[in-house]
Amino acid sequence: MGLVEDSEPAHFASYLSRLNSGSSLTYREASDYMRLVLDIDDPRMRSAQLGVLLNGLMAKHPTVEEASGAIDAALALDGLRPAARPAHPFTGECVIGIAGSGKKGIKTPNISTPAAIVAAAAGVRVAKCASAATSSVAGSADTLKRLGVELTRSTRRTLDVMAECGLGIFEIEQMVPRFDAAYGGLFFAPHVLSLAFPALLLPIRTDTLLYGIAHPDVSLSLEVLRRYHDGDMLVVSSTPDNLRWIDEVGIVGDTSIVGVREGVRGRTLRLALADVLGVGPYSVGDFVPGSDLTEQARIVVDVLAGTAAPALVDMVAVNAATLLLLGDIATTVPEAFDLARELISDGSALAKLRELITASGGDDHTVRGWL
């Protein structure tokens with residue numbers, strides 16, 4: 001009997017039956033299930049079974065064990081172990097990692113990238129995940145490349161850029177090429193990997209982590225992330241209507257926030273930040289994305305130059321303010337928000353973008369042509 005219990009099923013169907021019955025899997029079972037599906041040779045069958053596994057677990061409300069088992073198996077396909085990542089090299093400095101689930105319920109211009117640039121302009125050292133588009137016009141990596149930033153597979157080179165300008169951009173598809181070949185472009189809504197996987201693709205360990213998820217369960221995301229990150233962290237999500245969610249702090253509707261500081265988990269808060277800050281009222285219609293990659297990139301420049309619509313500037317500013325609070329640059333949300341807007345209005349944020357382009361070995365002629 002013990003031999004049967006300890007042996008791994010030869011086919012994923014036994015796990016699929018468990019999932020369909022609403023039963024929970026152990027960490028090992030979830031990991032084995034994910035590995036068996038990723039090992040399917042037929043691309044169409046593999047894609048179909050990935051959809052069943054990832055969305056099925058999310059729909060039944062996964063346990064932390066199930067989520068971490070699936071995540072670890074996905075990472076293992078490219079030989080990655082989050083615990084084996086080296087600490088960041090900036091001794092004595094606080095480095096903040098920022099990542100998001102993507103797959104927003106509402107399509108918007110890029111928010112997290114200009115927010116990270118504003119925070120870097122304030123002196124916060126930021127390590128940011130960037131990715132290509134899946135369901136949107138342009139992902140953050142696409143947008144940065146269009147602006148002239150040179151992204152690289154070399155972690156060492158990215159850290160050199162980070163040392164020079166305070167902001168390092170890590171393109172996540174380059175971190176997991178085998179997994180991306182099996183997974184990329186297939187999913188359009190958050191699933192079980194969205195609870196933590198993108199944040200774990202940063203190739204260095206950071207002191208603090210800011211993670212956005214386009215799903216209401218920020219508490220579950222936090223608990224999964226605590227399996228991998230032992231520093232301070234904050235998980236955020238926002239919604240205008242309790243139906244659609246984005247992976248950033250919002251100024252339309254409510255923002256859900258939960259975090260850990262010095263090992264102690266705080267309460268989950270739900271805030272109407274437009275009221276807290278005295279801005280707006282804004283609507284979802286104020287955050288329409290560009291129709292193509294060039295328009296998306298142009299919006300980033302307009303925001304950083306302070307010439308975009310007030311709603312977009314304020315949306316970026318409130319997300320930058322979150323980074324300023326985590327970096328101890330400010331002590332209250334209104335103070336951090338005002339500082340972020342000042343960095344935009346006085347030209348510091350735009351100057352930081354151009355500094356990033358130059359430090360990466362890129363060309364800022366596109367940005368100069370739009371000013």
# chains A, B, ... in the order shown; residues from 1 in each chain; ligands from 1

call {"tool": "closest_atom_pairs", "arguments": {"of": "range 280-359 of chain A", "to": "range 83-98 of chain A", "cutoff": "10 Å", "atoms": "only C-alpha atoms", "output": "Markdown table"}}
result
| residue | atom | partner | partner_atom | distance |
| --- | --- | --- | --- | --- |
| A:Leu323 | CA | A:Ile96 | CA | 7.7 |
| A:Leu324 | CA | A:Ile96 | CA | 9.9 |
| A:Leu326 | CA | A:Ile96 | CA | 7.7 |
| A:Gly327 | CA | A:Cys94 | CA | 6.9 |
| A:Asp328 | CA | A:Cys94 | CA | 9.3 |

call {"tool": "select_by_dssp", "arguments": {"residues": "range 120-225 of chain A", "states": "helix (DSSP H, G or I)", "output": "count of residues only"}}
result
48

call {"tool": "closest_residue", "arguments": {"among": "A:Ala70, A:Val260, A:Val118, A:Ala99", "to": "Leu193 in chain A", "atoms": "only C-alpha atoms"}}
result
A:Ala70

call {"tool": "closest_residue", "arguments": {"among": "A:Arg298, A:Arg226, A:Arg156, A:His215", "to": "Thr255 in chain A", "atoms": "only C-alpha atoms"}}
result
A:His215

call {"tool": "closest_atom_pairs", "arguments": {"of": "range 113-137 of chain A", "to": "range 343-358 of chain A", "cutoff": "8 Å", "atoms": "only C-alpha atoms", "output": "tab-separated table"}}
result
residue	atom	partner	partner_atom	distance
A:Ile117	CA	A:Ala349	CA	6.3
A:Val118	CA	A:Ala349	CA	4.9
A:Ala120	CA	A:Lys352	CA	7.3
A:Ala121	CA	A:Ala349	CA	5.6
A:Ala122	CA	A:Leu343	CA	7.3

call {"tool": "residues_around", "arguments": {"residues": "Asp72 in chain A", "least_positions_apart": "6", "cutoff": "9 Å", "atoms": "only C-alpha atoms", "output": "tab-separated table (two decimals) with C-alpha atoms, in the first residue's frame"}}
result
chain	number	residue	atom	x	y	z
A	31	SER	CA	3.87	19.90	-8.59
A	80	LEU	CA	15.04	28.00	-11.56
A	81	ARG	CA	14.77	27.90	-7.77
A	82	PRO	CA	13.77	31.19	-6.11
A	197	PHE	CA	5.06	33.52	-10.46

call {"tool": "select_by_dssp", "arguments": {"residues": "range 161-259 of chain A", "states": "strand (DSSP E)", "output": "list in words"}}
result
Leu167, Gly168, Ile169, Phe170, Glu171, Thr208, Leu209, Leu210, Tyr211, Gly212, Asp232, Met233, Leu234, Val235, Val236, Ser237, Ser238, Thr239, Asp254, Thr255, Ser256, Ile257, Val258 and Gly259 of chain A

call {"tool": "atom_distance", "arguments": {"atom1": "CA of Val124 in chain A", "atom2": "CA of Leu209 in chain A"}}
result
12.8 Å

call {"tool": "closest_residue", "arguments": {"among": "A:Ser112, A:Ser256, A:Ser283, A:Thr155", "to": "Val316 in chain A", "atoms": "only C-alpha atoms"}}
result
A:Ser112

call {"tool": "closest_residue", "arguments": {"among": "A:Ala214, A:Leu151, A:Glu29, A:Gly263", "to": "Gly231 in chain A", "atoms": "only C-alpha atoms"}}
result
A:Gly263

call {"tool": "closest_residue", "arguments": {"among": "A:Val192, A:Val52, A:Ala127, A:Ala132", "to": "Met162 in chain A", "atoms": "only C-alpha atoms"}}
result
A:Ala127

call {"tool": "closest_residue", "arguments": {"among": "A:Cys129, A:Leu57, A:Val367, A:Ile106", "to": "Asn20 in chain A", "atoms": "only C-alpha atoms"}}
result
A:Leu57

call {"tool": "residues_around", "arguments": {"residues": "Gly259 in chain A", "least_positions_apart": "6", "cutoff": "6 Å", "atoms": "only C-alpha atoms", "output": "number ranges by chain"}}
result
A: 233-234, 265-266

call {"tool": "atom_distance", "arguments": {"atom1": "CA of Asn319 in chain A", "atom2": "CA of Val333 in chain A"}}
result
10.3 Å

call {"tool": "residues_around", "arguments": {"residues": "Ser140 in chain A", "least_positions_apart": "6", "cutoff": "10 Å", "atoms": "only C-alpha atoms", "output": "PyMOL selection string"}}
result
chain A and resi 102+109-114+128-133+146+169+171+296-297
